[in-house]
$ cat run_7.csv   # CSV, C-alpha atoms and all ligand atoms
chain,number,residue,atom,x,y,z
E,1,MET,CA,-32.7,-4.7,-87.7
E,2,LEU,CA,-31.6,-7.1,-90.4
E,3,ASN,CA,-34.1,-9.3,-92.1
E,4,LEU,CA,-33.5,-13.1,-92.2
E,5,ARG,CA,-31.9,-13.0,-95.6
E,6,GLU,CA,-29.6,-10.2,-94.7
E,7,GLY,CA,-28.7,-11.9,-91.4
E,8,ALA,CA,-27.9,-15.1,-93.3
E,9,ASP,CA,-25.8,-13.3,-95.9
E,10,TRP,CA,-23.8,-11.6,-93.1
E,11,SER,CA,-23.2,-14.9,-91.3
E,12,GLY,CA,-22.4,-16.8,-94.4
E,13,VAL,CA,-25.1,-19.4,-93.8
E,14,SER,CA,-28.4,-20.2,-95.5
E,15,THR,CA,-31.6,-18.6,-94.3
E,16,GLU,CA,-32.8,-22.1,-93.3
E,17,THR,CA,-29.8,-22.6,-91.1
E,18,LEU,CA,-30.2,-19.2,-89.4
E,19,TRP,CA,-33.9,-19.8,-88.9
E,20,SER,CA,-33.3,-23.2,-87.3
E,21,GLY,CA,-31.1,-21.4,-84.8
E,22,VAL,CA,-34.1,-19.3,-83.9
E,23,MET,CA,-36.4,-22.3,-83.8
E,24,ALA,CA,-34.0,-24.2,-81.4
E,25,SER,CA,-34.7,-21.6,-78.7
E,26,PRO,CA,-37.6,-19.3,-79.7
E,27,HIS,CA,-38.0,-18.0,-76.1
E,28,GLU,CA,-34.6,-16.3,-76.5
E,29,PHE,CA,-36.0,-14.1,-79.2
E,30,HIS,CA,-39.0,-12.9,-77.2
E,31,HIS,CA,-38.0,-9.3,-77.7
E,32,LEU,CA,-38.4,-9.4,-81.5
E,33,PRO,CA,-41.5,-8.1,-83.3
E,34,PRO,CA,-44.8,-10.1,-82.8
E,35,ARG,CA,-44.8,-11.5,-86.4
E,36,PHE,CA,-41.4,-13.0,-85.8
E,37,LYS,CA,-42.4,-14.5,-82.5
E,38,GLU,CA,-45.6,-16.1,-83.9
E,39,SER,CA,-43.7,-17.7,-86.7
E,40,ALA,CA,-41.1,-19.1,-84.4
E,41,LYS,CA,-43.7,-20.4,-81.9
E,42,ALA,CA,-45.8,-22.0,-84.6
E,43,GLY,CA,-42.6,-23.7,-86.0
E,44,VAL,CA,-43.0,-22.0,-89.4
E,45,ALA,CA,-40.0,-23.2,-91.4
E,46,ALA,CA,-40.2,-21.0,-94.4
E,47,PRO,CA,-38.0,-18.0,-93.9
E,48,SER,CA,-39.2,-14.6,-95.1
E,49,THR,CA,-37.9,-11.1,-95.4
E,50,ASN,CA,-40.5,-10.1,-92.9
E,51,ARG,CA,-38.6,-11.7,-90.1
E,52,PHE,CA,-36.1,-9.3,-88.5
E,53,LEU,CA,-33.1,-9.9,-86.3
E,54,ASP,CA,-31.7,-7.2,-83.9
E,55,HIS,CA,-28.2,-6.8,-82.4
E,56,ALA,CA,-28.9,-9.3,-79.5
E,57,ALA,CA,-30.4,-11.9,-81.8
E,58,MET,CA,-27.6,-11.7,-84.4
E,59,ARG,CA,-25.0,-11.9,-81.6
E,60,ARG,CA,-26.6,-15.1,-80.3
E,61,LEU,CA,-27.0,-16.7,-83.7
E,62,SER,CA,-23.6,-15.6,-85.2
E,63,PRO,CA,-21.2,-14.7,-82.4
E,64,PRO,CA,-18.2,-12.7,-83.6
E,65,ALA,CA,-14.9,-14.5,-83.5
E,66,LYS,CA,-12.3,-11.8,-84.0
E,67,ARG,CA,-11.4,-8.3,-83.0
E,68,LYS,CA,-10.7,-5.6,-85.6
E,69,CYS,CA,-9.8,-1.9,-85.5
E,70,PHE,CA,-10.5,0.6,-88.3
E,71,THR,CA,-9.8,4.2,-89.1
E,72,VAL,CA,-12.0,5.9,-91.6
E,73,GLY,CA,-9.6,8.7,-92.6
E,74,ILE,CA,-7.8,10.8,-95.2
E,75,GLN,CA,-6.2,14.2,-95.0
E,76,LYS,CA,-9.2,15.8,-96.7
E,77,GLY,CA,-12.4,17.2,-95.2
E,78,GLY,CA,-16.0,16.8,-96.5
E,79,VAL,CA,-15.4,13.5,-98.3
E,80,GLY,CA,-17.9,11.5,-96.2
E,81,LYS,CA,-15.6,10.0,-93.5
E,82,THR,CA,-18.1,10.6,-90.7
E,83,MET,CA,-21.2,9.6,-92.8
E,84,ILE,CA,-19.5,6.3,-93.8
E,85,ALA,CA,-18.0,5.6,-90.3
E,86,LEU,CA,-21.4,6.1,-88.7
E,87,ASN,CA,-23.2,3.9,-91.2
E,88,LEU,CA,-20.6,1.1,-90.9
E,89,ALA,CA,-20.6,1.3,-87.1
E,90,ALA,CA,-24.4,1.1,-86.9
E,91,THR,CA,-24.5,-1.8,-89.5
E,92,TRP,CA,-21.8,-3.7,-87.6
E,93,ALA,CA,-23.7,-3.3,-84.3
E,94,THR,CA,-27.0,-4.4,-85.9
E,95,ALA,CA,-25.1,-7.5,-87.2
E,96,GLY,CA,-24.2,-8.5,-83.6
E,97,LEU,CA,-20.8,-6.9,-83.1
E,98,ARG,CA,-20.0,-4.9,-80.0
E,99,VAL,CA,-18.6,-1.6,-81.5
E,100,LEU,CA,-16.7,1.2,-79.9
E,101,TYR,CA,-16.8,4.4,-81.9
E,102,LEU,CA,-14.0,6.9,-81.0
E,103,ASP,CA,-14.8,10.3,-82.2
E,104,LEU,CA,-11.5,12.1,-82.5
E,105,ASP,CA,-12.8,15.0,-84.5
E,106,PRO,CA,-13.2,18.2,-82.4
E,107,GLN,CA,-16.2,19.2,-84.5
E,108,ALA,CA,-18.0,16.2,-82.8
E,109,SER,CA,-20.5,15.7,-85.6
E,110,ALA,CA,-20.6,11.9,-85.0
E,111,THR,CA,-21.0,12.5,-81.2
E,112,ASN,CA,-24.0,14.7,-81.9
E,113,PHE,CA,-25.5,12.1,-84.3
E,114,LEU,CA,-25.1,9.1,-82.0
E,115,LEU,CA,-26.1,10.4,-78.6
E,116,PRO,CA,-29.7,9.9,-77.3
E,117,PRO,CA,-31.5,13.2,-76.7
E,118,GLU,CA,-31.4,12.7,-72.9
E,119,ALA,CA,-27.6,12.4,-72.9
E,120,ASP,CA,-25.8,14.9,-70.6
E,121,TYR,CA,-23.2,16.2,-73.0
E,122,ASP,CA,-21.3,18.2,-70.4
E,123,ARG,CA,-20.6,15.1,-68.3
E,124,LEU,CA,-19.4,12.9,-71.1
E,125,LEU,CA,-15.7,11.8,-71.0
E,126,THR,CA,-13.5,12.3,-74.1
E,127,SER,CA,-10.0,11.2,-75.1
E,128,LEU,CA,-8.7,14.3,-73.2
E,129,GLU,CA,-10.0,12.9,-69.9
E,130,VAL,CA,-8.6,9.5,-70.7
E,131,CYS,CA,-5.3,11.1,-71.3
E,132,LEU,CA,-5.4,13.2,-68.1
E,133,GLN,CA,-6.6,10.5,-65.8
E,134,PRO,CA,-4.4,7.4,-65.8
E,135,GLU,CA,-7.1,5.2,-64.2
E,136,LEU,CA,-9.5,5.8,-67.1
E,137,THR,CA,-9.6,3.5,-70.1
E,138,PHE,CA,-11.6,4.2,-73.4
E,139,ALA,CA,-14.0,1.4,-72.3
E,140,THR,CA,-14.8,3.1,-69.0
E,141,ALA,CA,-15.0,6.5,-70.6
E,142,ALA,CA,-17.5,5.3,-73.3
E,143,THR,CA,-21.2,6.0,-73.2
E,144,THR,CA,-24.1,4.2,-74.8
E,145,THR,CA,-25.7,5.5,-77.9
E,146,ARG,CA,-29.1,5.4,-79.6
E,147,PHE,CA,-27.9,2.1,-81.2
E,148,ALA,CA,-27.8,-1.3,-79.3
E,149,GLY,CA,-24.3,-2.7,-79.3
E,150,LEU,CA,-22.7,0.7,-80.3
E,151,ASP,CA,-20.8,2.7,-77.6
E,152,LEU,CA,-19.1,6.0,-78.1
E,153,VAL,CA,-16.1,7.9,-76.7
E,154,ALA,CA,-17.4,11.4,-77.3
E,155,SER,CA,-15.6,14.3,-78.7
E,156,LYS,CA,-15.7,18.0,-77.6
E,157,PRO,CA,-13.7,20.9,-79.0
E,158,ALA,CA,-11.4,20.6,-75.9
E,159,ILE,CA,-9.9,17.3,-77.3
E,160,ARG,CA,-7.6,19.6,-79.2
E,161,LYS,CA,-5.6,19.9,-76.0
E,162,THR,CA,-4.9,16.1,-75.9
E,163,ASP,CA,-2.2,16.2,-78.5
E,164,PRO,CA,0.6,18.2,-76.7
E,165,LEU,CA,0.1,15.9,-73.6
E,166,LEU,CA,1.0,12.9,-75.7
E,167,ARG,CA,4.4,14.0,-76.8
E,168,ASP,CA,6.3,12.1,-74.1
E,169,MET,CA,4.3,8.9,-74.0
E,170,GLY,CA,3.6,8.7,-77.7
E,171,ALA,CA,0.0,8.4,-79.1
E,172,LEU,CA,0.4,4.9,-80.2
E,173,ALA,CA,1.4,3.6,-76.8
E,174,PHE,CA,-1.4,5.7,-75.2
E,175,LEU,CA,-4.1,4.3,-77.5
E,176,GLU,CA,-2.8,0.8,-77.3
E,177,SER,CA,-2.6,0.7,-73.5
E,178,ARG,CA,-6.0,2.4,-72.9
E,179,LEU,CA,-7.8,0.2,-75.4
E,180,ALA,CA,-6.2,-3.0,-74.1
E,181,ASN,CA,-8.9,-5.6,-73.1
E,182,ALA,CA,-11.7,-3.3,-74.1
E,183,PRO,CA,-14.8,-5.5,-74.4
E,184,TYR,CA,-15.5,-4.8,-78.0
E,185,ASP,CA,-15.2,-6.7,-81.2
E,186,CYS,CA,-14.8,-3.7,-83.4
E,187,ILE,CA,-13.1,-0.4,-82.7
E,188,ILE,CA,-13.6,2.5,-85.2
E,189,PHE,CA,-11.8,5.8,-85.2
E,190,ASP,CA,-13.5,8.8,-86.9
E,191,VAL,CA,-10.7,11.3,-87.5
E,192,PRO,CA,-10.5,14.9,-88.7
E,193,PRO,CA,-8.6,15.7,-91.9
E,194,SER,CA,-5.6,17.0,-90.0
E,195,LEU,CA,-2.7,14.8,-88.9
E,196,ASN,CA,-1.5,15.3,-85.3
E,197,GLU,CA,0.1,12.8,-82.9
E,198,LEU,CA,-3.2,11.4,-81.7
E,199,ILE,CA,-4.6,11.0,-85.2
E,200,MET,CA,-1.5,9.4,-86.5
E,201,GLY,CA,-1.7,7.0,-83.6
E,202,ALA,CA,-5.2,6.0,-84.6
E,203,TYR,CA,-4.0,5.3,-88.2
E,204,CYS,CA,-1.0,3.3,-87.0
E,205,LEU,CA,-3.0,1.3,-84.5
E,206,SER,CA,-5.6,0.2,-87.0
E,207,ASP,CA,-5.8,-3.1,-88.8
E,208,GLU,CA,-7.4,-1.3,-91.6
E,209,ILE,CA,-7.8,2.2,-93.0
E,210,LEU,CA,-10.7,3.1,-95.2
E,211,MET,CA,-10.3,6.2,-97.3
E,212,PRO,CA,-13.3,7.8,-98.9
E,213,ILE,CA,-12.6,9.2,-102.3
E,214,LEU,CA,-14.6,11.9,-104.1
E,215,PRO,CA,-14.5,12.1,-107.9
E,216,ASP,CA,-11.8,14.8,-107.9
E,217,ILE,CA,-8.0,14.9,-108.3
E,218,TRP,CA,-7.6,16.4,-104.7
E,219,SER,CA,-9.0,13.3,-103.0
E,220,ILE,CA,-6.7,11.0,-104.9
E,221,GLU,CA,-3.7,13.2,-104.1
E,222,SER,CA,-4.8,13.3,-100.5
E,223,ALA,CA,-5.0,9.5,-100.4
E,224,VAL,CA,-1.5,9.1,-101.9
E,225,LEU,CA,-0.2,11.6,-99.4
E,226,THR,CA,-1.9,10.0,-96.4
E,227,ILE,CA,-0.7,6.5,-97.4
E,228,ALA,CA,2.9,7.9,-97.6
E,229,ASN,CA,2.7,9.6,-94.2
E,230,VAL,CA,1.3,6.6,-92.5
E,231,GLU,CA,3.9,4.3,-94.1
E,232,GLU,CA,6.7,6.6,-93.0
E,233,GLU,CA,5.4,6.8,-89.4
E,234,LEU,CA,5.0,3.0,-89.2
E,235,ALA,CA,8.5,2.5,-90.5
E,236,LEU,CA,9.8,4.5,-87.5
E,237,HIS,CA,7.9,2.2,-85.1
E,238,ASN,CA,8.9,-0.9,-87.1
E,239,ARG,CA,5.3,-2.0,-87.3
E,240,PRO,CA,3.3,-3.6,-90.2
E,241,VAL,CA,1.3,-1.3,-92.5
E,242,PRO,CA,-2.5,-1.7,-92.1
E,243,LEU,CA,-4.6,-2.8,-95.0
E,244,ILE,CA,-5.5,0.5,-96.8
E,245,ARG,CA,-8.6,0.4,-99.0
E,246,LEU,CA,-10.4,3.1,-100.9
E,247,ILE,CA,-14.2,3.6,-101.2
E,248,ARG,CA,-15.6,5.8,-103.9
E,249,ASN,CA,-18.2,8.3,-102.6
E,250,ARG,CA,-20.4,10.7,-104.7
E,251,PHE,CA,-19.3,9.1,-108.0
E,252,ARG,CA,-21.9,9.7,-110.7
E,253,PRO,CA,-22.1,7.5,-113.8
E,254,GLY,CA,-21.9,9.5,-117.0
E,255,ARG,CA,-20.1,12.5,-115.4
E,256,ILE,CA,-16.7,13.5,-116.9
E,257,ALA,CA,-15.2,14.2,-113.5
E,258,SER,CA,-16.2,10.8,-112.2
E,259,ALA,CA,-14.8,9.0,-115.3
E,260,GLU,CA,-11.5,10.9,-115.0
E,261,ALA,CA,-11.2,10.2,-111.3
E,262,GLN,CA,-12.0,6.5,-112.0
E,263,GLU,CA,-9.2,6.4,-114.6
E,264,MET,CA,-6.7,8.0,-112.3
E,265,LEU,CA,-7.6,5.7,-109.4
E,266,GLU,CA,-7.2,2.7,-111.7
E,267,SER,CA,-3.8,3.8,-112.8
E,268,GLU,CA,-2.4,4.9,-109.4
E,269,LEU,CA,-4.3,3.0,-106.7
E,270,ALA,CA,-6.1,0.1,-108.4
E,271,GLY,CA,-5.0,-2.6,-105.9
E,272,ARG,CA,-6.6,-0.7,-103.1
E,273,LEU,CA,-9.9,0.2,-104.7
E,274,LEU,CA,-13.0,-1.5,-103.2
E,275,PRO,CA,-15.7,-2.5,-105.8
E,276,HIS,CA,-18.4,-0.6,-103.8
E,277,CYS,CA,-19.5,2.9,-104.7
E,278,ILE,CA,-21.7,5.2,-102.7
E,279,PRO,CA,-23.8,7.3,-105.0
E,280,GLU,CA,-24.4,11.0,-104.6
E,281,THR,CA,-27.9,11.3,-103.4
E,282,ALA,CA,-30.0,13.8,-101.4
E,283,ALA,CA,-31.3,10.8,-99.5
E,284,ILE,CA,-27.9,10.5,-97.7
E,285,GLN,CA,-28.0,14.2,-96.7
E,286,ASN,CA,-31.7,13.8,-95.5
E,287,LEU,CA,-30.8,10.7,-93.5
E,288,VAL,CA,-27.9,12.6,-91.8
E,289,ASN,CA,-30.2,15.5,-91.1
E,290,ASP,CA,-32.9,13.2,-89.6
E,291,GLY,CA,-30.4,11.4,-87.4
E,292,LYS,CA,-31.0,8.1,-89.3
E,293,THR,CA,-28.7,5.5,-90.8
E,294,ALA,CA,-29.0,3.8,-94.1
E,295,LEU,CA,-30.3,0.7,-92.3
E,296,GLN,CA,-33.0,2.7,-90.6
E,297,GLY,CA,-34.3,4.8,-93.4
E,298,GLY,CA,-32.3,4.3,-96.6
E,299,SER,CA,-33.7,3.1,-99.9
E,300,ALA,CA,-33.2,-0.7,-100.6
E,301,PRO,CA,-30.1,0.0,-102.8
E,302,LEU,CA,-28.5,2.2,-100.2
E,303,ARG,CA,-29.2,-0.4,-97.5
E,304,GLU,CA,-27.6,-3.0,-99.7
E,305,ILE,CA,-24.5,-1.0,-100.3
E,306,PHE,CA,-23.8,-0.5,-96.6
E,307,LEU,CA,-24.6,-4.1,-95.8
E,308,LYS,CA,-22.2,-5.3,-98.5
E,309,LEU,CA,-19.5,-2.8,-97.6
E,310,SER,CA,-19.6,-3.6,-93.8
E,311,ALA,CA,-19.5,-7.3,-94.6
E,312,THR,CA,-16.5,-7.0,-96.9
E,313,LEU,CA,-14.6,-4.9,-94.4
E,314,TRP,CA,-15.4,-7.1,-91.5
E,315,HIS,CA,-15.0,-10.5,-93.1
E,316,THR,CA,-12.0,-9.9,-95.4
E,317,GLY,CA,-8.5,-8.6,-94.7
E,318,GLU,CA,-6.4,-10.0,-91.9
E,319,PRO,CA,-6.2,-8.2,-88.6
E,320,HIS,CA,-2.8,-7.4,-87.0
E,321,ALA,CA,-1.4,-9.7,-84.4
E,322,GLN,CA,-1.2,-7.0,-81.8
E,323,THR,CA,-4.9,-6.1,-81.8
E,324,ALA,CA,-6.2,-9.6,-82.4
W,401,LIG,N1,-22.9,10.3,-101.1
W,401,LIG,C1,-23.3,11.4,-100.6
W,401,LIG,N2,-24.5,12.0,-101.1
W,401,LIG,C2,-24.9,13.2,-100.5
W,401,LIG,N3,-24.4,13.8,-99.4
W,401,LIG,C3,-23.3,13.3,-98.9
W,401,LIG,C4,-22.7,12.0,-99.5
W,401,LIG,N4,-21.6,11.8,-98.7
W,401,LIG,C5,-21.5,12.7,-97.8
W,401,LIG,N5,-22.5,13.6,-97.9
W,401,LIG,C6,-22.6,14.9,-97.1
W,401,LIG,O1,-21.4,15.6,-97.2
W,401,LIG,C7,-21.2,16.3,-96.0
W,401,LIG,C8,-19.8,15.9,-95.5
W,401,LIG,O2,-19.8,14.6,-95.1
W,401,LIG,P1,-19.0,14.1,-93.8
W,401,LIG,O3,-19.3,12.7,-93.6
W,401,LIG,O4,-19.2,15.0,-92.7
W,401,LIG,O5,-17.5,14.3,-94.3
W,401,LIG,P2,-16.1,14.3,-93.5
W,401,LIG,O6,-16.3,13.6,-92.3
W,401,LIG,O7,-15.1,13.6,-94.5
W,401,LIG,O8,-15.7,15.7,-93.3
W,401,LIG,C9,-22.2,15.9,-95.0
W,401,LIG,O9,-23.2,16.8,-95.0
W,401,LIG,C10,-22.8,14.6,-95.6
W,401,LIG,O10,-24.1,14.3,-95.2
W,402,MG,MG,-16.0,14.0,-90.2

$ encode --input "run_7.csv" --output "structure tokens" --more "lines below"
Ligand SMILES: Nc1ncnc2c1ncn2[C@@H]1O[C@H](COP(=O)(O)OP(=O)(O)O)[C@@H](O)[C@H]1O
Ligand SMILES: [Mg+2]
Amino acid sequence: MLNLREGADWSGVSTETLWSGVMASPHEFHHLPPRFKESAKAGVAAPSTNRFLDHAAMRRLSPPAKRKCFTVGIQKGGVGKTMIALNLAATWATAGLRVLYLDLDPQASATNFLLPPEADYDRLLTSLEVCLQPELTFATAATTTRFAGLDLVASKPAIRKTDPLLRDMGALAFLESRLANAPYDCIIFDVPPSLNELIMGAYCLSDEILMPILPDIWSIESAVLTIANVEEELALHNRPVPLIRLIRNRFRPGRIASAEAQEMLESELAGRLLPHCIPETAAIQNLVNDGKTALQGGSAPLREIFLKLSATLWHTGEPHAQTA
């Protein structure tokens, strides 16, 4: 959940304005924690960080007005793509967006993270079934997750078989047609480091690509390569290039490698670099191991980083006409 100040920051209004939305129809917020309800009923005007808003409340108070599609990807493994994609998706859902997470990595680590314990993994539909069964769309193949507002198209190792089936139709046309009219505000692709037809389709369909960068030369080289590959593919389809932005992960102040990487980023990719920086911390590893997101169990600074990053990505940068 977001506290009132975080909800107001996300919505771009004052806490008083957001709170007056609650006061206008307190009965609509009956599912929120007791302290919140009591304040609303008693007409308490002073907002406090003890009042929390969940997905449904945020959606009612600040309905999303656009649709946007993201890929968190780069041709390099272990840079934090899945960790970042999961935290963004969960934060967006908490902020009131309806989010569809497409796990296109056969290793399925995001699928394992998002599913509730009672989910019947064997029965879940993946992009392979969507490809094999023309009547299926990604929205109908999606399953609910442990997070309100966040649905998942699961991954299994067998999704590796999808790619050869797409050679005739083309991955971009496949993704576009089977995502058309999907009832989501936000679509996010979690991709493996490899680049096949399907993965390239995801990059090309996206309004925005987010590339996590570790403080090493190989991440920066991978970013340069991935940008060139995506631009080349889009030129073939005569389509606009998505906004491509870089996020620094595991940078450590005072470390030589981090300072060198920073210098290289500033000279080669400065215009694409986001101001946010995700620190290297055992807390992140512990959260992943415990099945929690930064909003659920992170420290205050970590929570703040993902709130700010998700707001920047959602609110800034223009979506493409074809997915708007
Ligand atoms: N900033 C960080 N601090 C600590 N551990 C991290 C951080 N970022 C990622 N990790 C850990 O590194 C591993 C690889 O991250 P993951 O998101 O799976 O990468 P990718 O999807 O790019 O392969 C995971 O175990 C993850 O928890
Ligand atoms: Mg991954």

$ residues_near_ligand --input "run_7.csv" --ligand "ligand LIG 401 (chain W)" --cutoff "6 Å" --atoms "all atoms listed in the file" --output "list in words"
Gly77, Gly78, Val79, Gly80, Lys81, Thr82, Met83, Asn249, Arg250, Ile278, Pro279, Glu280, Thr281, Ala282, Ile284, Gln285 and Val288 of chain E

$ closest_atom_pairs --input "run_7.csv" --of "chain E" --to "ligand MG 402 (chain W)" --cutoff "10 Å" --atoms "all atoms listed in the file" --output "tab-separated table"
residue	atom	partner	partner_atom	distance
E:Val72	CA	W:MG402	MG	9.1
E:Gly73	CA	W:MG402	MG	8.6
E:Lys76	CA	W:MG402	MG	9.6
E:Gly77	CA	W:MG402	MG	6.9
E:Gly78	CA	W:MG402	MG	6.9
E:Val79	CA	W:MG402	MG	8.1
E:Gly80	CA	W:MG402	MG	6.8
E:Lys81	CA	W:MG402	MG	5.2
E:Thr82	CA	W:MG402	MG	4.0
E:Met83	CA	W:MG402	MG	7.3
E:Ile84	CA	W:MG402	MG	9.2
E:Ala85	CA	W:MG402	MG	8.6
E:Leu86	CA	W:MG402	MG	9.7
E:Asp103	CA	W:MG402	MG	8.9
E:Leu104	CA	W:MG402	MG	9.1
E:Asp105	CA	W:MG402	MG	6.6
E:Pro106	CA	W:MG402	MG	9.3
E:Gln107	CA	W:MG402	MG	7.7
E:Ala108	CA	W:MG402	MG	8.0
E:Ser109	CA	W:MG402	MG	6.7
E:Ala110	CA	W:MG402	MG	7.3
E:Asp190	CA	W:MG402	MG	6.6
E:Val191	CA	W:MG402	MG	6.5
E:Pro192	CA	W:MG402	MG	5.8
E:Pro193	CA	W:MG402	MG	7.8

$ residues_around --input "run_7.csv" --residues "Tyr101 of chain E" --least-positions-apart "3" --cutoff "9 Å" --atoms "all atoms listed in the file" --output "MDAnalysis selection string"
chainID E and resid 85:86 89 110 142 150:154 186:190

$ atom_distance --input "run_7.csv" --atom1 "atom CA of Gly201 of chain E" --atom2 "atom CA of Pro134 of chain E"
18.0 Å

$ closest_residue --input "run_7.csv" --among "E:Leu210, E:Leu18, E:Ile199, E:Ile74" --to "Ala228 of chain E" --atoms "only C-alpha atoms"
E:Ile74

$ atom_distance --input "run_7.csv" --atom1 "atom CA of Thr126 of chain E" --atom2 "atom CA of Ser155 of chain E"
5.4 Å

$ closest_atom_pairs --input "run_7.csv" --of "segment 222-291 of chain E" --to "segment 159-180 of chain E" --cutoff "12 Å" --atoms "only C-alpha atoms" --output "CSV"
residue,atom,partner,partner_atom,distance
E:Glu233,CA,E:Leu172,CA,10.6
E:Leu234,CA,E:Leu172,CA,10.3
E:Leu236,CA,E:Leu172,CA,11.9
E:His237,CA,E:Leu172,CA,9.4
E:Arg239,CA,E:Leu172,CA,11.0

$ closest_residue --input "run_7.csv" --among "E:Leu265, E:Ala235, E:Lys68, E:Leu195" --to "Ala182 of chain E" --atoms "all atoms listed in the file"
E:Lys68

$ closest_residue --input "run_7.csv" --among "E:Ala270, E:Thr293, E:Gly12, E:Asp216" --to "Ile256 of chain E" --atoms "all atoms listed in the file"
E:Asp216

$ residues_around --input "run_7.csv" --residues "Arg272 of chain E" --least-positions-apart "4" --cutoff "7 Å" --atoms "only C-alpha atoms" --output "PyMOL selection string"
chain E and resi 244-246

$ residues_near_point --input "run_7.csv" --point "(-19.5, -1.2, -85.7)" --cutoff "6 Å" --atoms "only C-alpha atoms" --output "list in words"
Leu88, Ala89, Ala90, Trp92, Ala93, Val99 and Cys186 of chain E

$ closest_residue --input "run_7.csv" --among "E:Met211, E:Leu32, E:Ile220, E:Leu97" --to "Ser62 of chain E" --atoms "all atoms listed in the file"
E:Leu97

$ atom_distance --input "run_7.csv" --atom1 "atom CA of Pro275 of chain E" --atom2 "atom CA of Ser219 of chain E"
17.4 Å

$ closest_residue --input "run_7.csv" --among "E:Leu114, E:Ala57, E:Arg5, E:Ser11" --to "Pro26 of chain E" --atoms "all atoms listed in the file"
E:Ala57

$ closest_residue --input "run_7.csv" --among "E:Ile247, E:Leu198, E:Ala8, E:Ile227" --to "Leu214 of chain E" --atoms "all atoms listed in the file"
E:Ile247
